[in-house]
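Q: Take this structure first; my questions come after.
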Amino acid sequence: MKSNWQVSEKYPEGFGKDWGYDPLILQLLWNREVKDPEAAQIFFNADYNALGDPYLFPDMARAIDRIFLAKEKNEVIFVYGDYDADGVPGAVILHTVLKAYGFVPRIYIPHREKEGYGLNNGAIDYMAEAGAKIIITCDCGVTNNMQISYAKTKGIDVIVTDHHTLPPELSADAYAFIHPQVGEYPFKLLSGGGVAFKLAQGILKSKYPLQIKESKESVEKWLLDLAAITTVADMMSLVGENRILVKYGLKVLNKTRRLGLKKLIEAAGLELGKLDAHNIGFQIAPRINAAGRMDHANAAFELLTSENEEEAKNLAENLNKANAERQKQTSIIVNEAKFQIVENKKEKDSCLFIFKSEWPLGLLGLAAGKISETFNRPVVLMTKVEGKIKGSARSTKGGMNIMSALQKMSDLFCAFGGHAEAAGMTLKDEESLPIFQEKILEFAQKEFKEKERILPIDAEAEIDNLNLKFCEGLEKFSPFGRENPEPVFISRNLTVRGTAIVGNGEKHLRLTVSGKKGVQHKMIGFCFGHFCKTLKFGDKIDVVYEAGINEWNGRREAQFKIVDMEKI
């Protein structure tokens, strides 16, 4: 389904007149709601000292005092993490900072298929038998009111660190909530690992002394690689504190001292010193996620905490293989689901709902996201795991609020949680499946609004003006991600000067074009190889592209990556 090109309106006359920036740079700032010189300085500098005080979370001091009371009383603490690339690195953040204070924290990460998302009574029983007096959740727990109450009956205090959508009522039995939506913490968009980092930051700012020969500032700094991974992996908006965490987290990631991360980066074919947010999102995070999707997330936790060269190498290689298998199995699910949708003529349904008992639960979220993107509507995929019906849902941005839907039919679930655009659920019983299908379709018919597929374009540009110096200036806008996407430009009436098919499978297009001045520019179009059959020397085209820098053998030059194109 082709997207409609939508070029942003030009900034108003007089905007940024005395700021000293190129007009295209001003346009990018305007598009990102950066509308005064002070805001521009904050945006470009992303000062680490601008991070919020962790003690602005209302329960921060209470949580930290309880944690250190446990140390005095020699009580067992469990860190309970989610099984994805937000929850696992977040749990490692908490595990690392507690160890620095002399704790011997235990870790519990539930099995995605057998236990599902969030706290569960079986896990609580296990931790109680192991002597747990405190459970600190990471990236989960805020909707687990019944389980928190059950833990209290076992004599366990639950400290919830989470960022997911709040339930109508918070558990009165939780010892503390560290959640950006609870209280007056000024930045509301932290990842689960970002919230864990704020608790770690609070601990490091407390009166309690470290038990290792390292400064508190140093311990905090070396947690930032994980904070960056969680923020990018969970597709959080890269604005405000998230922008700061990712900017500085990338600096730390590029010289990480975590042996397992080094081995994972190597296994992914990446290079320390050259990593960016794109590498986290498309190479590092998927491999961490693969552990929980294909088997158990403990493997990812072990990798990120490993201090043994051989063990770290083996774990990284295993995750690499698991990720390759994950890609293969996800494609199978997507193809099977698409076939059912087309075969049954359901493409225009307000919500696409498919159940198949043989599908692996760990891959349903990924598959649902791909199908939602293809058909531009909400998708629910469900499967059967050990007698329980479980599933994942994905929605289009602004199309339908998945969590709002689930909350209105919460009596059908024994567990559910997530965000407006992504959620997971477990039905109480098999009889609830047709009821859930009927209700979610009914909700979608009322609430789903199909939105035109738009390709946002920052500005129209003369390609001749986008030289190496300009592209170097664009680097100030990084790190790129949600709400701060890589800048996209359009140049019209370019002349084709040469074409070539490149890459494995002849999928990609190497294109040479010239603008008004006749200067030739190289462009690369990944998965645009088919255009080679239709383009010839001298053709006129409009091209939408990202402008960046290509480094090869010590040489730097402007490079333009094709996003979309059209022959005139």
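FYI, nothing fancy with the structure tokens labels: chains A, B, ... in order, residues from 1 per chain, ligands from 1 as they appear.
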Show me, as a tab-separated table (two decimals) with N, CA, C and O atoms, in the first residue's frame, the residues that have an atom within 10 Å of Lys384 in chain A when counting only C-alpha atoms, minus same-chain residues fewer than 5 positions from it.

A:
```tsv
chain	number	residue	atom	x	y	z
A	113	GLU	N	6.04	-18.30	27.44
A	113	GLU	CA	4.90	-19.15	27.07
A	113	GLU	C	4.27	-19.83	28.27
A	113	GLU	O	3.06	-19.90	28.39
A	355	PHE	N	-6.76	-17.02	15.22
A	355	PHE	CA	-6.32	-17.98	16.23
A	355	PHE	C	-5.77	-19.22	15.53
A	355	PHE	O	-6.38	-19.74	14.60
A	356	LYS	N	-4.62	-19.69	16.00
A	356	LYS	CA	-4.07	-20.96	15.54
A	356	LYS	C	-3.29	-21.58	16.69
A	356	LYS	O	-2.34	-20.98	17.20
A	357	SER	N	-3.69	-22.76	17.10
A	357	SER	CA	-3.15	-23.35	18.32
A	357	SER	C	-1.68	-23.73	18.22
A	357	SER	O	-1.01	-23.87	19.24
A	358	GLU	N	-1.14	-23.90	16.99
A	358	GLU	CA	0.25	-24.34	16.85
A	358	GLU	C	1.27	-23.20	16.85
A	358	GLU	O	2.47	-23.43	16.87
A	359	TRP	N	0.81	-21.97	16.80
A	359	TRP	CA	1.76	-20.85	16.72
A	359	TRP	C	2.53	-20.67	18.03
A	359	TRP	O	1.93	-20.74	19.12
A	360	PRO	N	3.84	-20.39	17.97
A	360	PRO	CA	4.60	-20.09	19.19
A	360	PRO	C	4.26	-18.69	19.71
A	360	PRO	O	4.32	-17.72	18.96
A	361	LEU	N	3.90	-18.61	20.97
A	361	LEU	CA	3.45	-17.35	21.56
A	361	LEU	C	4.49	-16.24	21.43
A	361	LEU	O	4.16	-15.08	21.18
A	389	ILE	N	-5.35	-19.99	26.45
A	389	ILE	CA	-5.39	-19.20	25.23
A	389	ILE	C	-4.70	-17.86	25.50
A	389	ILE	O	-5.13	-17.10	26.37
A	390	LYS	N	-3.62	-17.62	24.75
A	390	LYS	CA	-2.83	-16.40	24.95
A	390	LYS	C	-2.63	-15.70	23.62
A	390	LYS	O	-2.73	-16.33	22.56
A	391	GLY	N	-2.34	-14.41	23.67
A	391	GLY	CA	-2.15	-13.71	22.41
A	391	GLY	C	-1.48	-12.37	22.54
A	391	GLY	O	-1.15	-11.91	23.64
A	426	THR	N	-4.01	-13.06	28.36
A	426	THR	CA	-4.27	-14.48	28.61
A	426	THR	C	-5.73	-14.62	29.01
A	426	THR	O	-6.18	-13.98	29.97
A	430	GLU	N	-11.09	-21.33	27.70
A	430	GLU	CA	-11.28	-21.46	26.26
A	430	GLU	C	-12.63	-20.90	25.81
A	430	GLU	O	-12.76	-20.41	24.68
```

Q: Check range 297-536 of chain A with DSSP on the backbone and list each residue it calls helix (DSSP H, G or I), as number ranges by chain.

A: A: 298-305, 309-343, 361-375, 402-408, 410-412, 432-447, 463-465, 468-477, 504-506, 529-533

Q: Go ahead and compute the interatomic distance for CA of Met236 in chain A and CA of Ile136 in chain A, in Å to one decimal.

A: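 Computed distance, CA of Met236 in chain A to CA of Ile136 in chain A, equals 22.2 Å.
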
Q: For CA of Glu302 in chain A and CA of Ala322 in chain A, quote the distance in Å rounded to one decimal.

A: 15.2 Å

Q: Mind checking which residues fall within 9 Å of Met294 in chain A, counting only C-alpha atoms, ignoring those fewer than 2 positions away in the same chain, and posting them as a list in words?

A: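 Final neighbour list, sorted by chain and number: Asn289, Ala290, Ala291, Gly292, His296, Ala297, Ala322, Asn323, Glu325, Arg326, Pro360, Gly362 and Leu363 of chain A.
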
Q: Include N, CA and C atoms and write out the residues we just selected as a CSV table (one decimal), in the first residue's frame.

A:
```
chain,number,residue,atom,x,y,z
A,289,ASN,N,16.0,-10.0,22.5
A,289,ASN,CA,14.7,-10.5,22.5
A,289,ASN,C,14.5,-11.9,22.1
A,290,ALA,N,15.4,-12.4,21.3
A,290,ALA,CA,15.3,-13.8,20.7
A,290,ALA,C,15.4,-14.8,21.8
A,291,ALA,N,16.1,-14.5,22.9
A,291,ALA,CA,16.2,-15.5,24.0
A,291,ALA,C,14.9,-15.8,24.6
A,292,GLY,N,14.1,-14.8,24.9
A,292,GLY,CA,12.7,-15.0,25.5
A,292,GLY,C,11.7,-15.5,24.5
A,296,HIS,N,14.2,-19.2,26.7
A,296,HIS,CA,14.0,-18.5,28.0
A,296,HIS,C,14.9,-17.3,28.0
A,297,ALA,N,14.4,-16.2,28.6
A,297,ALA,CA,15.2,-14.9,28.6
A,297,ALA,C,16.3,-15.0,29.6
A,322,ALA,N,19.5,-18.1,17.5
A,322,ALA,CA,18.1,-18.0,17.9
A,322,ALA,C,17.4,-16.9,17.2
A,323,ASN,N,18.1,-15.8,16.9
A,323,ASN,CA,17.5,-14.7,16.2
A,323,ASN,C,17.3,-15.0,14.8
A,325,GLU,N,16.6,-18.0,13.6
A,325,GLU,CA,15.4,-18.9,13.7
A,325,GLU,C,14.2,-18.1,13.9
A,326,ARG,N,14.3,-17.1,14.8
A,326,ARG,CA,13.1,-16.3,15.1
A,326,ARG,C,12.6,-15.6,13.8
A,360,PRO,N,3.8,-20.4,18.0
A,360,PRO,CA,4.6,-20.1,19.2
A,360,PRO,C,4.3,-18.7,19.7
A,362,GLY,N,5.8,-16.6,21.6
A,362,GLY,CA,6.8,-15.6,21.7
A,362,GLY,C,7.0,-14.8,20.4
A,363,LEU,N,6.4,-15.3,19.3
A,363,LEU,CA,6.6,-14.6,18.0
A,363,LEU,C,5.3,-13.8,17.6
```

Q: Can you list, as a compact mmCIF listing (two decimals) with all heavy atoms, in the first residue's frame, all residues belonging to range 266-499 of chain A that DSSP tags as strand (DSSP E)?

A:
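Full text of selection_15.txt as output:
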```
# COMPACT_ATOMS: atom_id res chain seq x y z
N LEU A 352 -8.28 -7.40 12.61
CA LEU A 352 -7.97 -8.73 12.07
C LEU A 352 -7.65 -9.66 13.23
O LEU A 352 -6.67 -9.46 13.95
CB LEU A 352 -6.78 -8.64 11.10
CG LEU A 352 -6.96 -7.63 9.97
CD1 LEU A 352 -5.69 -7.52 9.14
CD2 LEU A 352 -8.15 -8.01 9.07
N PHE A 353 -8.51 -10.66 13.43
CA PHE A 353 -8.40 -11.56 14.58
C PHE A 353 -8.19 -12.99 14.07
O PHE A 353 -9.01 -13.52 13.33
CB PHE A 353 -9.70 -11.49 15.41
CG PHE A 353 -9.63 -12.20 16.73
CD1 PHE A 353 -9.55 -11.46 17.90
CD2 PHE A 353 -9.68 -13.58 16.82
CE1 PHE A 353 -9.50 -12.10 19.13
CE2 PHE A 353 -9.63 -14.23 18.04
CZ PHE A 353 -9.54 -13.48 19.20
N ILE A 354 -7.06 -13.60 14.45
CA ILE A 354 -6.75 -14.95 13.97
C ILE A 354 -6.23 -15.80 15.12
O ILE A 354 -5.36 -15.37 15.90
CB ILE A 354 -5.69 -14.92 12.85
CG1 ILE A 354 -6.14 -13.99 11.71
CG2 ILE A 354 -5.44 -16.32 12.30
CD1 ILE A 354 -5.09 -13.72 10.70
N PHE A 355 -6.76 -17.02 15.22
CA PHE A 355 -6.32 -17.98 16.23
C PHE A 355 -5.77 -19.22 15.53
O PHE A 355 -6.38 -19.74 14.60
CB PHE A 355 -7.51 -18.38 17.13
CG PHE A 355 -7.21 -19.58 18.01
CD1 PHE A 355 -6.48 -19.44 19.17
CD2 PHE A 355 -7.67 -20.85 17.65
CE1 PHE A 355 -6.20 -20.54 19.97
CE2 PHE A 355 -7.41 -21.95 18.44
CZ PHE A 355 -6.67 -21.79 19.61
N VAL A 379 -4.53 -5.74 14.84
CA VAL A 379 -4.40 -7.18 14.64
C VAL A 379 -4.31 -7.86 16.00
O VAL A 379 -3.59 -7.41 16.89
CB VAL A 379 -3.14 -7.52 13.81
CG1 VAL A 379 -2.92 -9.03 13.74
CG2 VAL A 379 -3.25 -6.94 12.41
N VAL A 380 -5.05 -8.97 16.15
CA VAL A 380 -4.92 -9.82 17.34
C VAL A 380 -4.60 -11.23 16.85
O VAL A 380 -5.36 -11.81 16.06
CB VAL A 380 -6.23 -9.84 18.17
CG1 VAL A 380 -6.05 -10.74 19.40
CG2 VAL A 380 -6.63 -8.43 18.59
N LEU A 381 -3.48 -11.76 17.31
CA LEU A 381 -3.10 -13.14 17.00
C LEU A 381 -3.11 -13.93 18.30
O LEU A 381 -2.57 -13.48 19.31
CB LEU A 381 -1.71 -13.21 16.37
CG LEU A 381 -1.49 -12.47 15.04
CD1 LEU A 381 -0.08 -12.73 14.53
CD2 LEU A 381 -2.52 -12.89 14.00
N MET A 382 -3.72 -15.12 18.27
CA MET A 382 -3.84 -15.92 19.49
C MET A 382 -3.42 -17.37 19.23
O MET A 382 -3.51 -17.87 18.12
CB MET A 382 -5.26 -15.86 20.03
CG MET A 382 -5.76 -14.45 20.29
SD MET A 382 -6.98 -14.32 21.61
CE MET A 382 -5.99 -14.53 23.08
N THR A 383 -2.96 -18.00 20.31
CA THR A 383 -2.52 -19.38 20.24
C THR A 383 -2.87 -20.08 21.55
O THR A 383 -3.38 -19.45 22.48
CB THR A 383 -1.01 -19.45 19.96
OG1 THR A 383 -0.64 -20.80 19.68
CG2 THR A 383 -0.19 -18.95 21.14
N LYS A 384 -2.57 -21.37 21.60
CA LYS A 384 -2.86 -22.15 22.81
C LYS A 384 -1.55 -22.63 23.41
O LYS A 384 -0.73 -23.24 22.72
CB LYS A 384 -3.76 -23.34 22.46
CG LYS A 384 -4.34 -24.05 23.67
CD LYS A 384 -5.37 -25.09 23.21
CE LYS A 384 -6.06 -25.74 24.40
NZ LYS A 384 -7.08 -26.71 23.96
N VAL A 385 -1.35 -22.34 24.69
CA VAL A 385 -0.12 -22.73 25.37
C VAL A 385 -0.49 -23.47 26.67
O VAL A 385 -1.07 -22.86 27.58
CB VAL A 385 0.75 -21.50 25.71
CG1 VAL A 385 2.04 -21.95 26.38
CG2 VAL A 385 1.06 -20.70 24.46
N LYS A 388 -3.95 -22.94 27.92
CA LYS A 388 -4.43 -21.55 28.05
C LYS A 388 -4.37 -20.84 26.70
O LYS A 388 -3.44 -21.04 25.92
CB LYS A 388 -3.59 -20.79 29.08
CG LYS A 388 -3.89 -21.19 30.53
CD LYS A 388 -3.26 -20.22 31.50
CE LYS A 388 -3.66 -20.52 32.93
NZ LYS A 388 -5.08 -20.24 33.19
N ILE A 389 -5.35 -19.99 26.45
CA ILE A 389 -5.39 -19.20 25.23
C ILE A 389 -4.70 -17.86 25.50
O ILE A 389 -5.13 -17.10 26.37
CB ILE A 389 -6.83 -18.95 24.74
CG1 ILE A 389 -7.61 -20.26 24.62
CG2 ILE A 389 -6.82 -18.19 23.41
CD1 ILE A 389 -7.09 -21.20 23.57
N LYS A 390 -3.62 -17.62 24.75
CA LYS A 390 -2.83 -16.40 24.95
C LYS A 390 -2.63 -15.70 23.62
O LYS A 390 -2.73 -16.33 22.56
CB LYS A 390 -1.47 -16.72 25.57
CG LYS A 390 -1.57 -17.44 26.93
CD LYS A 390 -0.20 -17.63 27.54
CE LYS A 390 -0.32 -18.29 28.92
NZ LYS A 390 0.97 -18.33 29.64
N GLY A 391 -2.34 -14.41 23.67
CA GLY A 391 -2.15 -13.71 22.41
C GLY A 391 -1.48 -12.37 22.54
O GLY A 391 -1.15 -11.91 23.64
N SER A 392 -1.26 -11.76 21.39
CA SER A 392 -0.67 -10.43 21.29
C SER A 392 -1.50 -9.59 20.33
O SER A 392 -2.04 -10.12 19.35
CB SER A 392 0.77 -10.49 20.78
OG SER A 392 1.66 -10.88 21.81
N ALA A 393 -1.56 -8.30 20.60
CA ALA A 393 -2.30 -7.38 19.74
C ALA A 393 -1.42 -6.20 19.37
O ALA A 393 -0.59 -5.77 20.18
CB ALA A 393 -3.56 -6.89 20.46
N ARG A 394 -1.59 -5.72 18.16
CA ARG A 394 -0.89 -4.52 17.71
C ARG A 394 -1.89 -3.63 16.99
O ARG A 394 -2.80 -4.11 16.31
CB ARG A 394 0.26 -4.87 16.75
CG ARG A 394 1.38 -5.67 17.38
CD ARG A 394 2.14 -4.88 18.42
NE ARG A 394 3.28 -5.61 18.96
CZ ARG A 394 3.22 -6.40 20.03
NH1 ARG A 394 2.05 -6.58 20.67
NH2 ARG A 394 4.30 -7.00 20.48
N PHE A 413 -10.06 -11.93 31.08
CA PHE A 413 -8.64 -12.27 31.17
C PHE A 413 -8.22 -12.64 32.59
O PHE A 413 -8.76 -12.10 33.57
CB PHE A 413 -7.78 -11.09 30.70
CG PHE A 413 -8.23 -10.49 29.39
CD1 PHE A 413 -8.70 -9.20 29.32
CD2 PHE A 413 -8.18 -11.24 28.22
CE1 PHE A 413 -9.12 -8.65 28.12
CE2 PHE A 413 -8.60 -10.70 27.01
CZ PHE A 413 -9.07 -9.40 26.96
N CYS A 414 -7.23 -13.51 32.66
CA CYS A 414 -6.58 -13.71 33.95
C CYS A 414 -5.32 -12.85 34.02
O CYS A 414 -4.76 -12.64 35.10
CB CYS A 414 -6.26 -15.17 34.21
SG CYS A 414 -5.32 -16.01 32.95
N ALA A 415 -4.87 -12.34 32.87
CA ALA A 415 -3.75 -11.40 32.84
C ALA A 415 -3.77 -10.65 31.51
O ALA A 415 -4.11 -11.21 30.47
CB ALA A 415 -2.42 -12.15 33.00
N PHE A 416 -3.41 -9.36 31.57
CA PHE A 416 -3.23 -8.56 30.36
C PHE A 416 -2.44 -7.31 30.72
O PHE A 416 -2.37 -6.91 31.89
CB PHE A 416 -4.56 -8.19 29.70
CG PHE A 416 -5.37 -7.14 30.44
CD1 PHE A 416 -5.28 -5.81 30.10
CD2 PHE A 416 -6.22 -7.51 31.49
CE1 PHE A 416 -6.03 -4.85 30.77
CE2 PHE A 416 -6.97 -6.56 32.17
CZ PHE A 416 -6.87 -5.22 31.81
N GLY A 417 -1.83 -6.71 29.71
CA GLY A 417 -1.07 -5.48 29.95
C GLY A 417 -0.47 -4.96 28.66
O GLY A 417 -0.45 -5.67 27.65
N GLY A 418 0.01 -3.72 28.71
CA GLY A 418 0.63 -3.17 27.51
C GLY A 418 0.40 -1.68 27.36
O GLY A 418 0.26 -0.96 28.35
N ALA A 422 0.22 -1.70 21.61
CA ALA A 422 0.75 -3.06 21.74
C ALA A 422 0.38 -3.63 23.10
O ALA A 422 0.55 -2.97 24.12
CB ALA A 422 2.27 -3.05 21.58
N ALA A 423 -0.14 -4.85 23.08
CA ALA A 423 -0.55 -5.46 24.35
C ALA A 423 -0.53 -6.98 24.24
O ALA A 423 -0.52 -7.55 23.14
CB ALA A 423 -1.95 -4.98 24.74
N GLY A 424 -0.54 -7.62 25.39
CA GLY A 424 -0.64 -9.07 25.46
C GLY A 424 -1.74 -9.46 26.41
O GLY A 424 -2.12 -8.69 27.30
N MET A 425 -2.28 -10.67 26.24
CA MET A 425 -3.40 -11.09 27.09
C MET A 425 -3.45 -12.61 27.23
O MET A 425 -3.00 -13.34 26.35
CB MET A 425 -4.73 -10.55 26.54
CG MET A 425 -5.24 -11.20 25.27
SD MET A 425 -4.27 -10.96 23.77
CE MET A 425 -4.44 -9.22 23.53
N THR A 426 -4.01 -13.06 28.36
CA THR A 426 -4.27 -14.48 28.61
C THR A 426 -5.73 -14.62 29.01
O THR A 426 -6.18 -13.98 29.97
CB THR A 426 -3.38 -15.04 29.73
OG1 THR A 426 -2.01 -14.84 29.37
CG2 THR A 426 -3.64 -16.51 29.96
N LEU A 427 -6.49 -15.41 28.26
CA LEU A 427 -7.90 -15.59 28.56
C LEU A 427 -8.09 -16.50 29.77
O LEU A 427 -7.28 -17.39 30.05
CB LEU A 427 -8.62 -16.21 27.35
CG LEU A 427 -8.69 -15.33 26.09
CD1 LEU A 427 -9.33 -16.11 24.95
CD2 LEU A 427 -9.47 -14.06 26.35
N ILE A 454 0.73 7.87 5.51
CA ILE A 454 1.44 9.09 5.17
C ILE A 454 2.95 8.86 5.29
O ILE A 454 3.42 8.23 6.24
CB ILE A 454 1.04 10.24 6.12
CG1 ILE A 454 -0.45 10.56 5.98
CG2 ILE A 454 1.88 11.48 5.86
CD1 ILE A 454 -0.87 11.11 4.64
N LEU A 455 3.70 9.36 4.33
CA LEU A 455 5.16 9.41 4.44
C LEU A 455 5.53 10.86 4.74
O LEU A 455 5.50 11.72 3.86
CB LEU A 455 5.81 8.95 3.13
CG LEU A 455 7.34 9.09 3.04
CD1 LEU A 455 8.04 8.40 4.20
CD2 LEU A 455 7.85 8.58 1.71
N PRO A 456 5.85 11.16 6.01
CA PRO A 456 6.19 12.55 6.36
C PRO A 456 7.55 12.93 5.78
O PRO A 456 8.51 12.17 5.87
CB PRO A 456 6.23 12.54 7.89
CG PRO A 456 5.85 11.18 8.33
CD PRO A 456 5.94 10.27 7.17
N ILE A 457 7.62 14.12 5.19
CA ILE A 457 8.86 14.62 4.60
C ILE A 457 9.17 15.97 5.25
O ILE A 457 8.31 16.84 5.33
CB ILE A 457 8.70 14.78 3.07
CG1 ILE A 457 8.40 13.41 2.44
CG2 ILE A 457 9.95 15.41 2.46
CD1 ILE A 457 7.97 13.48 0.99
N ALA A 459 11.33 18.42 4.38
CA ALA A 459 11.49 19.62 3.56
C ALA A 459 11.83 19.24 2.12
O ALA A 459 12.39 18.18 1.85
CB ALA A 459 12.59 20.51 4.13
N GLU A 460 11.48 20.16 1.21
CA GLU A 460 11.93 20.03 -0.17
C GLU A 460 13.30 20.68 -0.26
O GLU A 460 13.53 21.75 0.30
CB GLU A 460 10.94 20.72 -1.10
CG GLU A 460 11.17 20.41 -2.55
CD GLU A 460 9.96 20.69 -3.42
OE1 GLU A 460 8.82 20.63 -2.91
OE2 GLU A 460 10.16 20.98 -4.61
N VAL A 488 14.12 13.57 6.61
CA VAL A 488 13.74 13.07 5.29
C VAL A 488 13.50 14.27 4.36
O VAL A 488 12.78 15.19 4.71
CB VAL A 488 12.47 12.20 5.37
CG1 VAL A 488 12.01 11.78 3.97
CG2 VAL A 488 12.72 10.96 6.23
N PHE A 489 14.12 14.22 3.19
CA PHE A 489 14.00 15.31 2.22
C PHE A 489 13.42 14.79 0.91
O PHE A 489 13.44 13.58 0.64
CB PHE A 489 15.38 15.93 1.95
CG PHE A 489 16.07 16.42 3.18
CD1 PHE A 489 17.04 15.65 3.81
CD2 PHE A 489 15.75 17.65 3.73
CE1 PHE A 489 17.68 16.10 4.96
CE2 PHE A 489 16.37 18.10 4.88
CZ PHE A 489 17.35 17.32 5.50
N ILE A 490 12.94 15.71 0.09
CA ILE A 490 12.51 15.36 -1.27
C ILE A 490 13.19 16.31 -2.24
O ILE A 490 13.28 17.52 -1.99
CB ILE A 490 10.97 15.42 -1.42
CG1 ILE A 490 10.57 15.00 -2.83
CG2 ILE A 490 10.41 16.79 -1.08
CD1 ILE A 490 9.08 14.80 -3.02
N SER A 491 13.71 15.73 -3.30
CA SER A 491 14.25 16.54 -4.40
C SER A 491 13.49 16.13 -5.67
O SER A 491 13.34 14.94 -5.95
CB SER A 491 15.74 16.30 -4.58
OG SER A 491 16.47 16.86 -3.52
N ARG A 492 13.03 17.14 -6.40
CA ARG A 492 12.19 16.87 -7.56
C ARG A 492 12.97 17.11 -8.87
O ARG A 492 13.94 17.85 -8.92
CB ARG A 492 10.95 17.77 -7.53
CG ARG A 492 10.09 17.58 -6.27
CD ARG A 492 8.80 18.36 -6.35
NE ARG A 492 8.07 18.35 -5.09
CZ ARG A 492 7.22 17.41 -4.70
NH1 ARG A 492 7.01 16.35 -5.48
NH2 ARG A 492 6.60 17.49 -3.54
N ASN A 493 12.48 16.44 -9.89
CA ASN A 493 12.98 16.64 -11.25
C ASN A 493 14.48 16.34 -11.37
O ASN A 493 15.22 17.05 -12.06
CB ASN A 493 12.69 18.07 -11.70
CG ASN A 493 12.60 18.17 -13.22
OD1 ASN A 493 12.23 17.22 -13.89
ND2 ASN A 493 12.98 19.33 -13.74
N LEU A 494 14.92 15.29 -10.67
CA LEU A 494 16.31 14.86 -10.80
C LEU A 494 16.47 14.07 -12.10
O LEU A 494 15.53 13.44 -12.58
CB LEU A 494 16.73 13.99 -9.61
CG LEU A 494 16.65 14.63 -8.23
CD1 LEU A 494 17.07 13.63 -7.16
CD2 LEU A 494 17.53 15.88 -8.15
N THR A 495 17.68 14.09 -12.62
CA THR A 495 17.97 13.37 -13.87
C THR A 495 18.75 12.11 -13.57
O THR A 495 19.77 12.16 -12.87
CB THR A 495 18.77 14.26 -14.84
OG1 THR A 495 18.06 15.47 -15.07
CG2 THR A 495 19.00 13.54 -16.16
N VAL A 496 18.28 10.98 -14.09
CA VAL A 496 18.98 9.71 -13.90
C VAL A 496 20.24 9.69 -14.75
O VAL A 496 20.20 9.92 -15.96
CB VAL A 496 18.07 8.51 -14.29
CG1 VAL A 496 18.85 7.21 -14.22
CG2 VAL A 496 16.84 8.46 -13.38
N ARG A 497 21.38 9.44 -14.11
CA ARG A 497 22.67 9.38 -14.81
C ARG A 497 23.26 7.98 -14.83
O ARG A 497 24.23 7.72 -15.55
CB ARG A 497 23.67 10.34 -14.14
CG ARG A 497 23.27 11.81 -14.22
CD ARG A 497 23.24 12.29 -15.65
NE ARG A 497 22.89 13.71 -15.75
CZ ARG A 497 22.66 14.33 -16.89
NH1 ARG A 497 22.73 13.64 -18.02
NH2 ARG A 497 22.34 15.61 -16.92
N GLY A 498 22.70 7.08 -14.05
CA GLY A 498 23.21 5.71 -14.04
C GLY A 498 22.48 4.86 -13.03
O GLY A 498 22.00 5.35 -12.00
N THR A 499 22.32 3.57 -13.33
CA THR A 499 21.67 2.63 -12.41
C THR A 499 22.47 1.34 -12.37
O THR A 499 23.12 0.96 -13.36
CB THR A 499 20.22 2.30 -12.84
OG1 THR A 499 20.26 1.67 -14.12
CG2 THR A 499 19.35 3.54 -12.90
```

Q: In terms of the shortest atom-to-atom distance over only C-alpha atoms, which of A:Trp222, A:Tyr83, A:Phe103, A:Phe15 is closest to Gly118 in chain A?

A: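 Looking only at the distances to Gly118 in chain A, the closest residue turns out to be A:Tyr83.
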
Q: Just want the 12 Å neighbourhood of Arg556 in chain A, counted on only C-alpha atoms, with same-chain residues fewer than 3 positions away dropped. Output as an MDAnalysis selection string.

A: chainID A and resid 467:469 471:472 548:553 559

Q: Within 7 Å of Gly249 in chain A, counting only C-alpha atoms, which residues show up once you throw out same-chain ones fewer than 3 positions away? Write them as a ChimeraX atom specification, please.

A: /A:224-225,227-228,245-246,252-253

Q: Just want the 12 Å neighbourhood of Leu509 in chain A, counted on only C-alpha atoms, with same-chain residues fewer than 2 positions away dropped. Output as an NGL selection string.

A: :A and (498-507 or 511-512 or 522-535 or 560-565)

Q: So that I can see what lies close to Thr137 in chain A, please list as number ranges by chain the residues with an atom at most 10 Å from it, counting only C-alpha atoms and leaving out residues fewer than 6 positions away in the same chain.

A: A: 78-82, 87, 90-91, 94, 108-109, 118-119, 158-162, 177-178, 192, 196

Q: Which residue is closest to Glu546 in chain A? Choose from A:Ile124, A:Ala312, A:Ile402, A:Glu486 and count only C-alpha atoms.

A: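 Distance minimum relative to Glu546 in chain A lands on A:Glu486.
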
Q: May I ask which of the residues A:Tyr545, A:Ile134, A:Arg482, A:Ile284 is the closest one to Phe68 in chain A, counting only C-alpha atoms?

A: A:Ile134

Q: Record the distance separating CA of Cys138 in chain A and CA of Asp125 in chain A, expressed in Å with one decimal.

A: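 So the two atoms, CA of Cys138 in chain A and CA of Asp125 in chain A, lie 18.5 Å apart.
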
Q: Identify which of the residues A:Gln147, A:Ser350, A:Ser410, A:Thr96 lies closest to Ile203 in chain A, counting only C-alpha atoms when measuring atom-to-atom distances.

A: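 Residue with the minimum atom-to-atom distance to Ile203 in chain A: A:Thr96.
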